[in-house]
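Take a look at the structure set out below.
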Amino acid sequence: MLEVSGLVSGYGRIGVLHGADLSLAEGSCVGILGHNGMGKTTLLRTVMGLLPAKAGRILLDGAEIQRLPPHARARRGLGYVPQGRQIFPALSVLDNLRFAIVAKGGDEALVLEEVLDEFPELRRLLDRPGGALSGGEQQLLALSRALCGRPRLLLLDEPTEGIQPSIVEAMIDRIHALRRKGLSVLLVEQNLDFIQALSDRILLIHRGRITREMPPAALADPALVQEFVGTHA
Ligand SMILES: Nc1ncnc2c1ncn2[C@@H]1O[C@H](COP(=O)(O)OP(=O)(O)OP(=O)(O)O)[C@@H](O)[C@H]1O
């Protein structure tokens, strides 16, 4: 479904990705692990088109998308939940969702009902300002906002950041439920339990390149985790 090869990108003259390669099969979840600053967020932003690719190719369903703007990539099936969620804190939950639907050009009432059926707990929060929600609720809003574009492949950047451990399990269940409906996921995450629970394959990123693949079960080996990720399991 997604084929990334030789991807180079960065910020101005600062190079971050130096030829990243990865592939993701339809219906699967690929997790990306790596130390801080190795280029995980940059990789997702470049796949989404928020940062230009200076070299390399991004194929979605066999077609090159690396020159398309983000909205055109969204139309072809990419959705993005950024790190830090980036919801509009002063807008109500309803208006956050409406904004996303209008931006994607969908039938507002229909898409809203679909999304609220998927995340019924947002119904009682519709009038609340986004900024007044808990971290977990904000993450649900960010996820539901991305779903307003009816993506087939979701790019998820550190969804557990700033979320209570008790909510992390619930978040795993939600994403599993979305996957059962056919959603593919490219996941950047520092929470090892989370990435292990969701990923079919785990790729390690080091200095802007994918350097290794490991099966999720390898995260049970503390020595491996310490060596390649720099955190304790
Ligand atoms: N807007 C920016 N301008 C300049 N440099 C940036 C910018 N954003 C990130 N960088 C730099 O690019 C490098 C890669 O950042 P990136 O956010 O992709 O890393 P990451 O692997 O996602 O790490 P983290 O988990 O800390 O977010 C880092 O050295 C970072 O300082």
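Letters A, B, ... go to the chains of the structure tokens in the order shown; residues in each chain start at 1; ligands are counted from 1 in the same order.
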Site check for ligand 1: residues at most 10 Å away, only C-alpha atoms and all ligand atoms, as number ranges by chain: A: 9-17, 32-46, 51, 83-84, 157-158, 188-190, 205-208
Selection from above, C-alpha atoms, as a PDB file, in the first residue's frame, can you write it?
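Here's the written file out07.pdb:
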ATOM      1  CA  SER A   9      13.965  15.695   3.837  1.00  0.00           C
ATOM      2  CA  GLY A  10      14.622  18.186   6.600  1.00  0.00           C
ATOM      3  CA  TYR A  11      14.170  21.770   7.653  1.00  0.00           C
ATOM      4  CA  GLY A  12      15.854  24.304   5.402  1.00  0.00           C
ATOM      5  CA  ARG A  13      19.480  23.282   5.186  1.00  0.00           C
ATOM      6  CA  ILE A  14      19.207  20.917   8.124  1.00  0.00           C
ATOM      7  CA  GLY A  15      18.988  17.362   6.782  1.00  0.00           C
ATOM      8  CA  VAL A  16      16.965  14.940   8.895  1.00  0.00           C
ATOM      9  CA  LEU A  17      15.952  12.037   6.646  1.00  0.00           C
ATOM     10  CA  ILE A  32       8.588   3.095  14.053  1.00  0.00           C
ATOM     11  CA  LEU A  33      10.909   3.216  17.040  1.00  0.00           C
ATOM     12  CA  GLY A  34      13.973   5.340  17.579  1.00  0.00           C
ATOM     13  CA  HIS A  35      15.773   7.737  19.871  1.00  0.00           C
ATOM     14  CA  ASN A  36      14.614  11.322  20.159  1.00  0.00           C
ATOM     15  CA  GLY A  37      15.576  13.447  17.188  1.00  0.00           C
ATOM     16  CA  MET A  38      16.182  10.536  14.772  1.00  0.00           C
ATOM     17  CA  GLY A  39      13.518  11.715  12.342  1.00  0.00           C
ATOM     18  CA  LYS A  40      10.295   9.909  13.273  1.00  0.00           C
ATOM     19  CA  THR A  41       8.066  12.969  13.170  1.00  0.00           C
ATOM     20  CA  THR A  42       9.889  14.268  10.103  1.00  0.00           C
ATOM     21  CA  LEU A  43       9.176  10.958   8.347  1.00  0.00           C
ATOM     22  CA  LEU A  44       5.424  11.176   9.019  1.00  0.00           C
ATOM     23  CA  ARG A  45       5.294  14.856   8.050  1.00  0.00           C
ATOM     24  CA  THR A  46       7.098  14.155   4.795  1.00  0.00           C
ATOM     25  CA  LEU A  51       7.399  18.850   4.525  1.00  0.00           C
ATOM     26  CA  GLN A  83       2.265  14.785  17.802  1.00  0.00           C
ATOM     27  CA  GLY A  84       0.736  16.992  20.470  1.00  0.00           C
ATOM     28  CA  ASP A 157       2.538  10.372  15.887  1.00  0.00           C
ATOM     29  CA  GLU A 158       3.014   9.444  19.563  1.00  0.00           C
ATOM     30  CA  VAL A 188       5.468   6.455  15.732  1.00  0.00           C
ATOM     31  CA  GLU A 189       5.489   5.756  19.441  1.00  0.00           C
ATOM     32  CA  GLN A 190       7.822   5.724  22.448  1.00  0.00           C
ATOM     33  CA  ILE A 205      15.063   4.574  12.656  1.00  0.00           C
ATOM     34  CA  HIS A 206      18.548   5.893  13.263  1.00  0.00           C
ATOM     35  CA  ARG A 207      19.859   9.208  11.979  1.00  0.00           C
ATOM     36  CA  GLY A 208      17.246   9.511   9.291  1.00  0.00           C
TER      37      GLY A 208
END
message: Need to verify the contact set: Pro151 (chain A), 8 Å, only C-alpha atoms, exclusion of same-chain residues closer than 6 positions in sequence. Can you return it as a ChimeraX atom specification?
response: /A:74,76-79,183
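Between CA of Asp107 (chain A) and CA of Leu50 (chain A) there is a distance of 25.1 Å.
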- prompt: Could you name the residues that touch region 52-60 of chain A at 10 Å or less, counting only C-alpha atoms, but leaving out those on the same chain fewer than 2 positions away, as a VMD selection string?
  reply: chain A and resid 1 to 11 15 17 to 24 43 45 to 50 62 to 69 73 76 to 78 153
message: Please determine, counting only C-alpha atoms, which residue among A:Leu186, A:Ala177, A:Ala223, A:Cys148 has the shortest atom-to-atom distance to Val115 (chain A).
response: A:Cys148
List the neighbours of Val30 (chain A) out to 7 Å using only C-alpha atoms; skip same-chain residues closer than 6 positions along the sequence, and give me the result as a PDB file with C-alpha atoms, in the first residue's frame.
ATOM      1  CA  LEU A  24       3.589  -1.105   4.616  1.00  0.00           C
ATOM      2  CA  VAL A 185      -1.579   2.377  10.443  1.00  0.00           C
ATOM      3  CA  LEU A 186       1.938   3.823  10.420  1.00  0.00           C
ATOM      4  CA  LEU A 187       2.695   4.456  14.078  1.00  0.00           C
ATOM      5  CA  SER A 199       2.311  -3.379  15.360  1.00  0.00           C
ATOM      6  CA  ASP A 200       2.722  -6.283  12.950  1.00  0.00           C
ATOM      7  CA  ARG A 201       6.266  -5.122  12.210  1.00  0.00           C
ATOM      8  CA  ILE A 202       8.598  -2.736  13.992  1.00  0.00           C
TER       9      ILE A 202
END
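Near Met171 (chain A), within 9 Å and counting only C-alpha atoms, sit Gly136, Gln139, Leu140, Pro159, Thr160, Ile167, Val168, Arg174, Ile175, His176 and Phe194 of chain A; same-chain residues fewer than 3 positions away were not included.
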